[in-house]
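What follows is work_2.pdb (PDB, C-alpha atoms).
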ATOM      1  CA  MET A1225     -14.885  24.753  26.502
ATOM      2  CA  GLY A1226     -17.043  22.724  28.860
ATOM      3  CA  ASP A1227     -15.665  19.333  29.812
ATOM      4  CA  LYS A1228     -13.556  18.949  26.647
ATOM      5  CA  PRO A1229      -9.891  20.017  26.594
ATOM      6  CA  TYR A1230     -10.437  21.810  23.243
ATOM      7  CA  SER A1231     -12.884  24.304  21.779
ATOM      8  CA  VAL A1232     -15.366  23.582  19.002
ATOM      9  CA  MET A1233     -13.555  26.192  16.881
ATOM     10  CA  GLU A1234     -10.203  24.443  17.410
ATOM     11  CA  ALA A1235     -11.771  21.067  16.575
ATOM     12  CA  MET A1236     -13.430  22.408  13.411
ATOM     13  CA  LEU A1237     -10.243  24.084  12.191
ATOM     14  CA  PHE A1238      -8.198  20.917  12.791
ATOM     15  CA  SER A1239     -10.794  18.741  11.065
ATOM     16  CA  GLN A1240     -10.993  21.023   8.029
ATOM     17  CA  ARG A1241      -7.216  21.373   7.778
ATOM     18  CA  VAL A1242      -6.855  17.587   7.718
ATOM     19  CA  ALA A1243      -9.673  17.311   5.164
ATOM     20  CA  GLN A1244      -8.201  19.928   2.816
ATOM     21  CA  ILE A1245      -4.644  18.618   3.122
ATOM     22  CA  SER A1246      -5.812  15.022   2.576
ATOM     23  CA  LYS A1247      -7.888  15.948  -0.455
ATOM     24  CA  ALA A1248      -5.050  17.941  -2.025
ATOM     25  CA  ILE A1249      -2.498  15.183  -1.430
ATOM     26  CA  TRP A1250      -4.889  12.423  -2.581
ATOM     27  CA  LYS A1251      -5.564  14.248  -5.868
ATOM     28  CA  MET A1252      -1.847  14.162  -6.695
ATOM     29  CA  ILE A1253      -1.370  10.625  -5.353
ATOM     30  CA  GLU A1254      -4.254   9.423  -7.506
ATOM     31  CA  LYS A1255      -2.804  11.105 -10.612
ATOM     32  CA  ASP A1256       0.698   9.749  -9.921
ATOM     33  CA  TRP A1257      -0.563   6.231  -9.152
ATOM     34  CA  GLN A1258      -2.775   6.066 -12.256
ATOM     35  CA  GLN A1259       0.094   7.245 -14.441
ATOM     36  CA  TRP A1260       2.433   4.646 -12.903
ATOM     37  CA  ILE A1261       0.112   1.660 -13.476
ATOM     38  CA  LYS A1262      -1.453   2.721 -16.782
ATOM     39  CA  PRO A1263       0.844   0.461 -18.880
ATOM     40  CA  TYR A1264      -0.423  -2.561 -16.897
ATOM     41  CA  ASP A1265      -4.112  -1.966 -17.631
ATOM     42  CA  LEU A1266      -4.874  -1.747 -13.913
ATOM     43  CA  ASN A1267      -6.810   0.738 -11.839
ATOM     44  CA  ILE A1268      -5.714   1.871  -8.379
ATOM     45  CA  ASN A1269      -7.931  -0.617  -6.505
ATOM     46  CA  GLU A1270      -6.646  -3.520  -8.605
ATOM     47  CA  HIS A1271      -3.002  -2.539  -8.128
ATOM     48  CA  HIS A1272      -3.569  -2.056  -4.408
ATOM     49  CA  ILE A1273      -5.183  -5.506  -4.146
ATOM     50  CA  LEU A1274      -2.204  -7.098  -5.926
ATOM     51  CA  TRP A1275       0.109  -5.221  -3.528
ATOM     52  CA  ILE A1276      -1.832  -6.421  -0.472
ATOM     53  CA  ALA A1277      -2.049 -10.007  -1.748
ATOM     54  CA  TYR A1278       1.714 -10.001  -2.309
ATOM     55  CA  HIS A1279       2.562  -8.788   1.178
ATOM     56  CA  LEU A1280      -0.045 -10.773   3.100
ATOM     57  CA  LYS A1281       0.548 -13.995   1.143
ATOM     58  CA  GLY A1282      -2.963 -15.402   1.290
ATOM     59  CA  ALA A1283      -5.205 -12.590   2.471
ATOM     60  CA  SER A1284      -8.917 -12.890   3.096
ATOM     61  CA  ILE A1285     -11.186 -10.537   1.180
ATOM     62  CA  SER A1286     -12.005  -8.986   4.570
ATOM     63  CA  ASP A1287      -8.299  -8.323   5.186
ATOM     64  CA  VAL A1288      -7.937  -6.820   1.710
ATOM     65  CA  ALA A1289     -10.916  -4.547   2.360
ATOM     66  CA  LYS A1290      -9.641  -3.495   5.762
ATOM     67  CA  PHE A1291      -6.048  -2.849   4.741
ATOM     68  CA  GLY A1292      -7.045  -1.426   1.353
ATOM     69  CA  VAL A1293      -9.509   0.910   3.075
ATOM     70  CA  MET A1294     -12.324  -0.179   0.765
ATOM     71  CA  HIS A1295     -15.725  -1.779   1.117
ATOM     72  CA  VAL A1296     -15.765  -5.594   1.145
ATOM     73  CA  SER A1297     -17.833  -5.653  -2.057
ATOM     74  CA  THR A1298     -15.262  -3.395  -3.764
ATOM     75  CA  ALA A1299     -12.425  -5.680  -2.671
ATOM     76  CA  PHE A1300     -14.332  -8.748  -3.870
ATOM     77  CA  ASN A1301     -15.427  -7.277  -7.222
ATOM     78  CA  PHE A1302     -11.983  -5.980  -8.168
ATOM     79  CA  SER A1303     -10.380  -9.225  -6.978
ATOM     80  CA  LYS A1304     -12.805 -11.103  -9.232
ATOM     81  CA  LYS A1305     -11.664  -9.006 -12.211
ATOM     82  CA  LEU A1306      -8.051  -9.808 -11.348
ATOM     83  CA  GLU A1307      -8.932 -13.501 -11.129
ATOM     84  CA  GLU A1308     -10.526 -13.331 -14.597
ATOM     85  CA  ARG A1309      -7.234 -11.928 -15.913
ATOM     86  CA  GLY A1310      -5.310 -14.791 -14.299
ATOM     87  CA  LEU A1311      -3.581 -12.521 -11.769
ATOM     88  CA  LEU A1312      -5.246 -13.873  -8.600
ATOM     89  CA  GLU A1313      -6.662 -17.178  -7.381
ATOM     90  CA  PHE A1314      -9.576 -17.522  -4.985
ATOM     91  CA  SER A1315      -9.662 -20.236  -2.349
ATOM     92  CA  LYS A1316     -11.295 -21.399   0.863
ATOM     93  CA  LYS A1317      -9.414 -22.838   3.809
ATOM     94  CA  GLU A1318     -10.316 -26.246   5.228
ATOM     95  CA  ASN A1319     -10.789 -24.771   8.687
ATOM     96  CA  ASP A1320     -12.480 -21.555   7.457
ATOM     97  CA  LYS A1321     -15.151 -22.092   4.810
ATOM     98  CA  ARG A1322     -16.842 -18.732   5.484
ATOM     99  CA  ASN A1323     -14.027 -16.489   4.266
ATOM    100  CA  THR A1324     -12.705 -16.217   0.740
ATOM    101  CA  TYR A1325      -8.948 -15.905   0.357
ATOM    102  CA  ILE A1326      -6.881 -14.580  -2.517
ATOM    103  CA  GLN A1327      -3.388 -15.494  -3.605
ATOM    104  CA  LEU A1328      -1.280 -14.002  -6.384
ATOM    105  CA  THR A1329      -0.664 -16.246  -9.357
ATOM    106  CA  SER A1330       2.823 -16.266 -10.853
ATOM    107  CA  LYS A1331       1.432 -14.017 -13.606
ATOM    108  CA  GLY A1332       0.047 -11.628 -10.961
ATOM    109  CA  GLU A1333       3.318 -11.561  -9.048
ATOM    110  CA  SER A1334       5.250 -10.949 -12.236
ATOM    111  CA  LEU A1335       2.980  -8.050 -13.205
ATOM    112  CA  LEU A1336       3.270  -6.500  -9.725
ATOM    113  CA  LEU A1337       7.060  -6.866  -9.710
ATOM    114  CA  ASP A1338       7.249  -5.381 -13.218
ATOM    115  CA  SER A1339       5.240  -2.386 -12.029
ATOM    116  CA  MET A1340       7.558  -1.928  -9.051
ATOM    117  CA  GLU A1341      10.580  -2.117 -11.325
ATOM    118  CA  ALA A1342       9.039   0.507 -13.627
ATOM    119  CA  PHE A1343       8.418   3.014 -10.822
ATOM    120  CA  ASP A1344       9.962   6.303 -11.901
ATOM    121  CA  PRO A1345      10.532   8.793  -9.057
ATOM    122  CA  SER A1346      10.835  11.695 -11.506
ATOM    123  CA  ASN A1347       7.164  11.188 -12.464
ATOM    124  CA  ASN A1348       5.904  11.362  -8.888
ATOM    125  CA  THR A1349       4.505  14.764  -7.962
ATOM    126  CA  VAL A1350       4.150  13.997  -4.245
ATOM    127  CA  LEU A1351       7.697  12.692  -3.995
ATOM    128  CA  ASN A1352       9.015  15.726  -5.853
ATOM    129  CA  GLY A1353       7.025  17.964  -3.500
ATOM    130  CA  ALA A1354       8.829  16.357  -0.545
ATOM    131  CA  LEU A1355      12.335  16.608  -2.050
ATOM    132  CA  PRO A1356      13.064  20.074  -0.596
ATOM    133  CA  LEU A1357      12.473  18.623   2.901
ATOM    134  CA  ARG A1358      14.720  15.670   2.131
ATOM    135  CA  ASN A1359      17.391  18.048   0.857
ATOM    136  CA  ILE A1360      17.241  20.051   4.097
ATOM    137  CA  TYR A1361      16.911  17.195   6.637
ATOM    138  CA  GLY A1362      18.578  14.350   4.743
ATOM    139  CA  LYS A1363      15.479  12.154   4.814
ATOM    140  CA  PHE A1364      11.857  12.131   3.716
ATOM    141  CA  PRO A1365       9.165  13.144   6.229
ATOM    142  CA  GLU A1366       8.127  10.267   8.499
ATOM    143  CA  PHE A1367       4.641  11.495   9.478
ATOM    144  CA  ILE A1368       4.832  10.150  13.030
ATOM    145  CA  GLU A1369       1.881  12.261  14.168
ATOM    146  CA  LEU A1370      -0.240  11.164  11.202
ATOM    147  CA  MET A1371       0.677   7.530  11.826
ATOM    148  CA  THR A1372      -0.565   7.931  15.406
ATOM    149  CA  ILE A1373      -3.866   9.331  14.133
ATOM    150  CA  ILE A1374      -4.222   6.433  11.689
ATOM    151  CA  ARG A1375      -3.405   3.913  14.448
ATOM    152  CA  ASN A1376      -6.113   5.457  16.614
ATOM    153  CA  MET A1377      -8.647   5.295  13.752
ATOM    154  CA  TYR A1378      -7.822   1.860  12.278
ATOM    155  CA  GLY A1379      -6.131   0.013  15.127
ATOM    156  CA  ASP A1380      -2.892  -1.806  15.803
ATOM    157  CA  HIS A1381      -3.592  -4.653  13.349
ATOM    158  CA  PHE A1382      -3.849  -2.171  10.466
ATOM    159  CA  MET A1383      -0.526  -0.616  11.433
ATOM    160  CA  GLU A1384       1.132  -4.037  11.799
ATOM    161  CA  ILE A1385       0.124  -4.924   8.238
ATOM    162  CA  PHE A1386       1.203  -1.464   7.068
ATOM    163  CA  GLU A1387       4.645  -1.853   8.630
ATOM    164  CA  LYS A1388       4.972  -5.466   7.440
ATOM    165  CA  SER A1389       4.490  -4.457   3.811
ATOM    166  CA  PHE A1390       7.239  -1.847   4.009
ATOM    167  CA  HIS A1391       9.524  -4.210   5.954
ATOM    168  CA  ASN A1392       9.020  -6.764   3.149
ATOM    169  CA  ILE A1393      10.143  -4.224   0.578
ATOM    170  CA  GLU A1394      13.211  -3.280   2.617
ATOM    171  CA  THR A1395      14.268  -6.927   3.069
ATOM    172  CA  GLU A1396      13.120  -8.572  -0.179
ATOM    173  CA  PHE A1397      14.115  -5.959  -2.751
ATOM    174  CA  TYR A1398      17.172  -4.023  -3.824
ATOM    175  CA  GLU A1399      17.905  -1.155  -6.175
ATOM    176  CA  GLU A1400      19.890  -1.625  -9.364
ATOM    177  CA  ASN A1401      20.436   0.910 -12.128
ATOM    178  CA  GLY A1402      17.649   3.137 -10.856
ATOM    179  CA  SER A1403      14.947   0.489 -10.516
ATOM    180  CA  VAL A1404      13.604  -1.748  -7.760
ATOM    181  CA  LYS A1405      14.177  -5.490  -8.175
ATOM    182  CA  LYS A1406      13.251  -8.515  -6.093
ATOM    183  CA  LEU A1407      16.121 -10.376  -4.462
ATOM    184  CA  PRO A1408      16.582 -13.877  -5.865
ATOM    185  CA  THR A1409      15.270 -16.475  -3.390
ATOM    186  CA  GLU A1410      18.729 -17.892  -2.628
ATOM    187  CA  GLU A1411      20.098 -14.398  -1.856
ATOM    188  CA  LYS A1412      17.139 -13.626   0.408
ATOM    189  CA  GLU A1413      17.698 -16.912   2.300
ATOM    190  CA  ARG A1414      21.425 -16.217   2.613
ATOM    191  CA  LEU A1415      20.781 -12.740   4.074
ATOM    192  CA  SER A1416      18.146 -14.028   6.510
ATOM    193  CA  ASN A1417      20.711 -16.462   7.998
ATOM    194  CA  PHE A1418      22.796 -13.558   9.325
TER
END
Could you take the file, read its structure, and then write that structure out as structure tokens?
Amino acid sequence: MGDKPYSVMEAMLFSQRVAQISKAIWKMIEKDWQQWIKPYDLNINEHHILWIAYHLKGASISDVAKFGVMHVSTAFNFSKKLEERGLLEFSKKENDKRNTYIQLTSKGESLLLDSMEAFDPSNNTVLNGALPLRNIYGKFPEFIELMTIIRNMYGDHFMEIFEKSFHNIETEFYEENGSVKKLPTEEKERLSNF
């Protein structure tokens, strides 16, 4: 073992387990995600950028790349395509001319909200794979150990943005007749006063 608290064999097995599990899960996630957004003529990167822009409300391309786990040029190029479709706007800040920022247009927000409303759990292979665990434990897996690994790889800022996006969904949306809908602004303000 030398000076490390683990063996090379243990490290290799862990690394390969994570790789195989991640690849298997990603294959299904990719299929599910593409099927979900197909009616909106979006690819996964474009949908993810709209999602990030919605939750960060004025994100820099660098922030989109970091949180979207994509290269800066990928974030920029797909954002440009979304701008051409009228779904995003590019801007510069007075005090920050070096960075490019994106903001959802009303058309972009509407498309994103429509996609959220159209989410159909019965068409989600990964979700359906987790249902037996939910049926046993009364909740979906939380992945605390994986979240710790991700925090150690990407940092606290990444996890803050991650948690913020899910907090936004929990506080700004509700479920009605089996679909997710955004709270009207006046209802959101009323609830935040409590």
Counting only C-alpha atoms, which residues of region 1236-1315 of chain A fall within 8 Å of region 1369-1389 of chain A, and what is the closest atom pair for each with its distance in Å at one decimal, ordered by chain and rising number, as a tab-separated table?
residue	atom	partner	partner_atom	distance
A:Ile1276	CA	A:Ser1389	CA	7.9
A:His1279	CA	A:Ser1389	CA	5.4
A:Leu1280	CA	A:Ile1385	CA	7.8
A:Lys1290	CA	A:Phe1382	CA	7.6
A:Phe1291	CA	A:Phe1382	CA	6.2
Nearest residue to Ala1342 (chain A) from the set A:Glu1400, A:Glu1307, A:Glu1270, A:Glu1410 (distances using all atoms listed in the file): A:Glu1400
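When you apply the PyMOL selection byres ((chain A and resi 1348-1352) around 9) to this structure, what comes back is Ile1249, Met1252, Ile1253, Lys1255, Asp1256, Trp1257, Trp1260, Phe1343, Asp1344, Pro1345, Ser1346, Asn1347, Gly1353, Ala1354, Leu1355, Pro1356 and Phe1364 of chain A.
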Would you put the residues from that selection into a file with C-alpha atoms, as a PDB file, in the coordinates of the input?
ATOM      1  CA  ILE A1249      -2.498  15.183  -1.430  1.00  0.00           C
ATOM      2  CA  MET A1252      -1.847  14.162  -6.695  1.00  0.00           C
ATOM      3  CA  ILE A1253      -1.370  10.625  -5.353  1.00  0.00           C
ATOM      4  CA  LYS A1255      -2.804  11.105 -10.612  1.00  0.00           C
ATOM      5  CA  ASP A1256       0.698   9.749  -9.921  1.00  0.00           C
ATOM      6  CA  TRP A1257      -0.563   6.231  -9.152  1.00  0.00           C
ATOM      7  CA  TRP A1260       2.433   4.646 -12.903  1.00  0.00           C
ATOM      8  CA  PHE A1343       8.418   3.014 -10.822  1.00  0.00           C
ATOM      9  CA  ASP A1344       9.962   6.303 -11.901  1.00  0.00           C
ATOM     10  CA  PRO A1345      10.532   8.793  -9.057  1.00  0.00           C
ATOM     11  CA  SER A1346      10.835  11.695 -11.506  1.00  0.00           C
ATOM     12  CA  ASN A1347       7.164  11.188 -12.464  1.00  0.00           C
ATOM     13  CA  GLY A1353       7.025  17.964  -3.500  1.00  0.00           C
ATOM     14  CA  ALA A1354       8.829  16.357  -0.545  1.00  0.00           C
ATOM     15  CA  LEU A1355      12.335  16.608  -2.050  1.00  0.00           C
ATOM     16  CA  PRO A1356      13.064  20.074  -0.596  1.00  0.00           C
ATOM     17  CA  PHE A1364      11.857  12.131   3.716  1.00  0.00           C
TER      18      PHE A1364
END
For the point (13.3, -6.7, -5.0) in file coordinates, what residues are within 10 Å, counting only C-alpha atoms? Give the answer as an NGL selection string? :A and (1337 or 1340-1341 or 1392-1400 or 1403-1408 or 1412)
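Taking CA of Ser1286 (chain A) and CA of Glu1313 (chain A) as the two end points, the separation is 15.4 Å.
In terms of minimum interatomic distance to Tyr1264 (chain A), A:Ser1339 ranks closest within A:Ser1297, A:Ser1339, A:Thr1409, A:Asn1359, counting only C-alpha atoms.
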Return the single residue from A:Lys1251, A:Arg1241, A:Arg1322, A:His1271 that is closest to Ala1299 (chain A), with distances computed using only C-alpha atoms. A:His1271
Atomic separation - CA of His1391 (chain A) relative to CA of Lys1262 (chain A), Å: 26.2 Å
Distance query Tyr1325 (chain A) at most 7 Å, only C-alpha atoms, self and fewer than 5 positions along chain excluded, as an MDAnalysis selection string: chainID A and resid 1282:1285 1314:1316
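Rounded to one decimal, CA of Asn1301 (chain A) and CA of Leu1266 (chain A) lie 13.7 Å from each other.
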Write out all heavy atoms for region 1396-1407 of chain A, as a PDB file, in the frame of the given file.
ATOM      1  N   GLU A1396      13.257  -7.667   0.959  1.00  0.00           N
ATOM      2  CA  GLU A1396      13.120  -8.572  -0.179  1.00  0.00           C
ATOM      3  C   GLU A1396      13.479  -7.942  -1.523  1.00  0.00           C
ATOM      4  O   GLU A1396      13.436  -8.611  -2.550  1.00  0.00           O
ATOM      5  CB  GLU A1396      11.676  -9.097  -0.267  1.00  0.00           C
ATOM      6  CG  GLU A1396      11.272  -9.951   0.918  1.00  0.00           C
ATOM      7  CD  GLU A1396       9.829 -10.437   0.838  1.00  0.00           C
ATOM      8  OE1 GLU A1396       9.211 -10.351  -0.243  1.00  0.00           O
ATOM      9  OE2 GLU A1396       9.327 -10.896   1.872  1.00  0.00           O
ATOM     10  N   PHE A1397      13.834  -6.661  -1.512  1.00  0.00           N
ATOM     11  CA  PHE A1397      14.115  -5.959  -2.751  1.00  0.00           C
ATOM     12  C   PHE A1397      15.421  -5.190  -2.639  1.00  0.00           C
ATOM     13  O   PHE A1397      15.905  -4.911  -1.552  1.00  0.00           O
ATOM     14  CB  PHE A1397      12.961  -4.993  -3.093  1.00  0.00           C
ATOM     15  CG  PHE A1397      11.673  -5.707  -3.407  1.00  0.00           C
ATOM     16  CD1 PHE A1397      10.817  -6.096  -2.392  1.00  0.00           C
ATOM     17  CD2 PHE A1397      11.332  -6.003  -4.716  1.00  0.00           C
ATOM     18  CE1 PHE A1397       9.641  -6.780  -2.673  1.00  0.00           C
ATOM     19  CE2 PHE A1397      10.170  -6.676  -5.005  1.00  0.00           C
ATOM     20  CZ  PHE A1397       9.320  -7.067  -3.985  1.00  0.00           C
ATOM     21  N   TYR A1398      15.974  -4.842  -3.768  1.00  0.00           N
ATOM     22  CA  TYR A1398      17.172  -4.023  -3.824  1.00  0.00           C
ATOM     23  C   TYR A1398      17.048  -3.085  -5.015  1.00  0.00           C
ATOM     24  O   TYR A1398      16.174  -3.246  -5.863  1.00  0.00           O
ATOM     25  CB  TYR A1398      18.433  -4.894  -3.931  1.00  0.00           C
ATOM     26  CG  TYR A1398      18.558  -5.645  -5.240  1.00  0.00           C
ATOM     27  CD1 TYR A1398      19.406  -5.186  -6.250  1.00  0.00           C
ATOM     28  CD2 TYR A1398      17.829  -6.813  -5.472  1.00  0.00           C
ATOM     29  CE1 TYR A1398      19.519  -5.871  -7.456  1.00  0.00           C
ATOM     30  CE2 TYR A1398      17.937  -7.504  -6.668  1.00  0.00           C
ATOM     31  CZ  TYR A1398      18.777  -7.028  -7.665  1.00  0.00           C
ATOM     32  OH  TYR A1398      18.888  -7.694  -8.851  1.00  0.00           O
ATOM     33  N   GLU A1399      17.918  -2.103  -5.066  1.00  0.00           N
ATOM     34  CA  GLU A1399      17.905  -1.155  -6.175  1.00  0.00           C
ATOM     35  C   GLU A1399      19.094  -1.419  -7.079  1.00  0.00           C
ATOM     36  O   GLU A1399      20.211  -1.630  -6.605  1.00  0.00           O
ATOM     37  CB  GLU A1399      17.965   0.276  -5.641  1.00  0.00           C
ATOM     38  CG  GLU A1399      17.844   1.316  -6.719  1.00  0.00           C
ATOM     39  CD  GLU A1399      17.802   2.736  -6.180  1.00  0.00           C
ATOM     40  OE1 GLU A1399      17.376   2.935  -5.029  1.00  0.00           O
ATOM     41  OE2 GLU A1399      18.214   3.641  -6.933  1.00  0.00           O
ATOM     42  N   GLU A1400      18.821  -1.423  -8.386  1.00  0.00           N
ATOM     43  CA  GLU A1400      19.890  -1.625  -9.364  1.00  0.00           C
ATOM     44  C   GLU A1400      19.603  -0.763 -10.578  1.00  0.00           C
ATOM     45  O   GLU A1400      18.505  -0.831 -11.140  1.00  0.00           O
ATOM     46  CB  GLU A1400      19.959  -3.103  -9.767  1.00  0.00           C
ATOM     47  CG  GLU A1400      21.035  -3.407 -10.790  1.00  0.00           C
ATOM     48  CD  GLU A1400      21.058  -4.876 -11.142  1.00  0.00           C
ATOM     49  OE1 GLU A1400      20.274  -5.277 -12.024  1.00  0.00           O
ATOM     50  OE2 GLU A1400      21.840  -5.609 -10.520  1.00  0.00           O
ATOM     51  N   ASN A1401      20.570   0.040 -10.955  1.00  0.00           N
ATOM     52  CA  ASN A1401      20.436   0.910 -12.128  1.00  0.00           C
ATOM     53  C   ASN A1401      19.149   1.733 -12.115  1.00  0.00           C
ATOM     54  O   ASN A1401      18.467   1.864 -13.120  1.00  0.00           O
ATOM     55  CB  ASN A1401      20.524   0.094 -13.425  1.00  0.00           C
ATOM     56  CG  ASN A1401      21.838  -0.627 -13.560  1.00  0.00           C
ATOM     57  OD1 ASN A1401      22.881  -0.114 -13.131  1.00  0.00           O
ATOM     58  ND2 ASN A1401      21.818  -1.823 -14.113  1.00  0.00           N
ATOM     59  N   GLY A1402      18.802   2.247 -10.957  1.00  0.00           N
ATOM     60  CA  GLY A1402      17.649   3.137 -10.856  1.00  0.00           C
ATOM     61  C   GLY A1402      16.293   2.463 -10.853  1.00  0.00           C
ATOM     62  O   GLY A1402      15.281   3.124 -11.038  1.00  0.00           O
ATOM     63  N   SER A1403      16.249   1.146 -10.634  1.00  0.00           N
ATOM     64  CA  SER A1403      14.947   0.489 -10.516  1.00  0.00           C
ATOM     65  C   SER A1403      14.967  -0.527  -9.374  1.00  0.00           C
ATOM     66  O   SER A1403      16.018  -0.986  -8.954  1.00  0.00           O
ATOM     67  CB  SER A1403      14.513  -0.168 -11.833  1.00  0.00           C
ATOM     68  OG  SER A1403      15.362  -1.225 -12.167  1.00  0.00           O
ATOM     69  N   VAL A1404      13.772  -0.832  -8.885  1.00  0.00           N
ATOM     70  CA  VAL A1404      13.604  -1.748  -7.760  1.00  0.00           C
ATOM     71  C   VAL A1404      13.458  -3.162  -8.300  1.00  0.00           C
ATOM     72  O   VAL A1404      12.671  -3.402  -9.207  1.00  0.00           O
ATOM     73  CB  VAL A1404      12.350  -1.356  -6.933  1.00  0.00           C
ATOM     74  CG1 VAL A1404      12.095  -2.363  -5.832  1.00  0.00           C
ATOM     75  CG2 VAL A1404      12.516   0.041  -6.355  1.00  0.00           C
ATOM     76  N   LYS A1405      14.223  -4.094  -7.731  1.00  0.00           N
ATOM     77  CA  LYS A1405      14.177  -5.490  -8.175  1.00  0.00           C
ATOM     78  C   LYS A1405      14.058  -6.407  -6.962  1.00  0.00           C
ATOM     79  O   LYS A1405      14.570  -6.098  -5.891  1.00  0.00           O
ATOM     80  CB  LYS A1405      15.431  -5.841  -8.959  1.00  0.00           C
ATOM     81  CG  LYS A1405      15.604  -5.009 -10.218  1.00  0.00           C
ATOM     82  CD  LYS A1405      16.793  -5.480 -11.013  1.00  0.00           C
ATOM     83  CE  LYS A1405      17.065  -4.634 -12.216  1.00  0.00           C
ATOM     84  NZ  LYS A1405      16.136  -4.768 -13.293  1.00  0.00           N
ATOM     85  N   LYS A1406      13.398  -7.539  -7.162  1.00  0.00           N
ATOM     86  CA  LYS A1406      13.251  -8.515  -6.093  1.00  0.00           C
ATOM     87  C   LYS A1406      14.542  -9.313  -5.963  1.00  0.00           C
ATOM     88  O   LYS A1406      15.139  -9.709  -6.960  1.00  0.00           O
ATOM     89  CB  LYS A1406      12.079  -9.450  -6.400  1.00  0.00           C
ATOM     90  CG  LYS A1406      11.789 -10.392  -5.261  1.00  0.00           C
ATOM     91  CD  LYS A1406      10.538 -11.202  -5.484  1.00  0.00           C
ATOM     92  CE  LYS A1406      10.350 -12.101  -4.282  1.00  0.00           C
ATOM     93  NZ  LYS A1406       9.136 -12.859  -4.328  1.00  0.00           N
ATOM     94  N   LEU A1407      14.949  -9.533  -4.705  1.00  0.00           N
ATOM     95  CA  LEU A1407      16.121 -10.376  -4.462  1.00  0.00           C
ATOM     96  C   LEU A1407      15.823 -11.799  -4.923  1.00  0.00           C
ATOM     97  O   LEU A1407      14.728 -12.312  -4.675  1.00  0.00           O
ATOM     98  CB  LEU A1407      16.439 -10.430  -2.968  1.00  0.00           C
ATOM     99  CG  LEU A1407      17.184  -9.261  -2.354  1.00  0.00           C
ATOM    100  CD1 LEU A1407      17.216  -9.405  -0.831  1.00  0.00           C
ATOM    101  CD2 LEU A1407      18.604  -9.192  -2.886  1.00  0.00           C
TER     102      LEU A1407
END
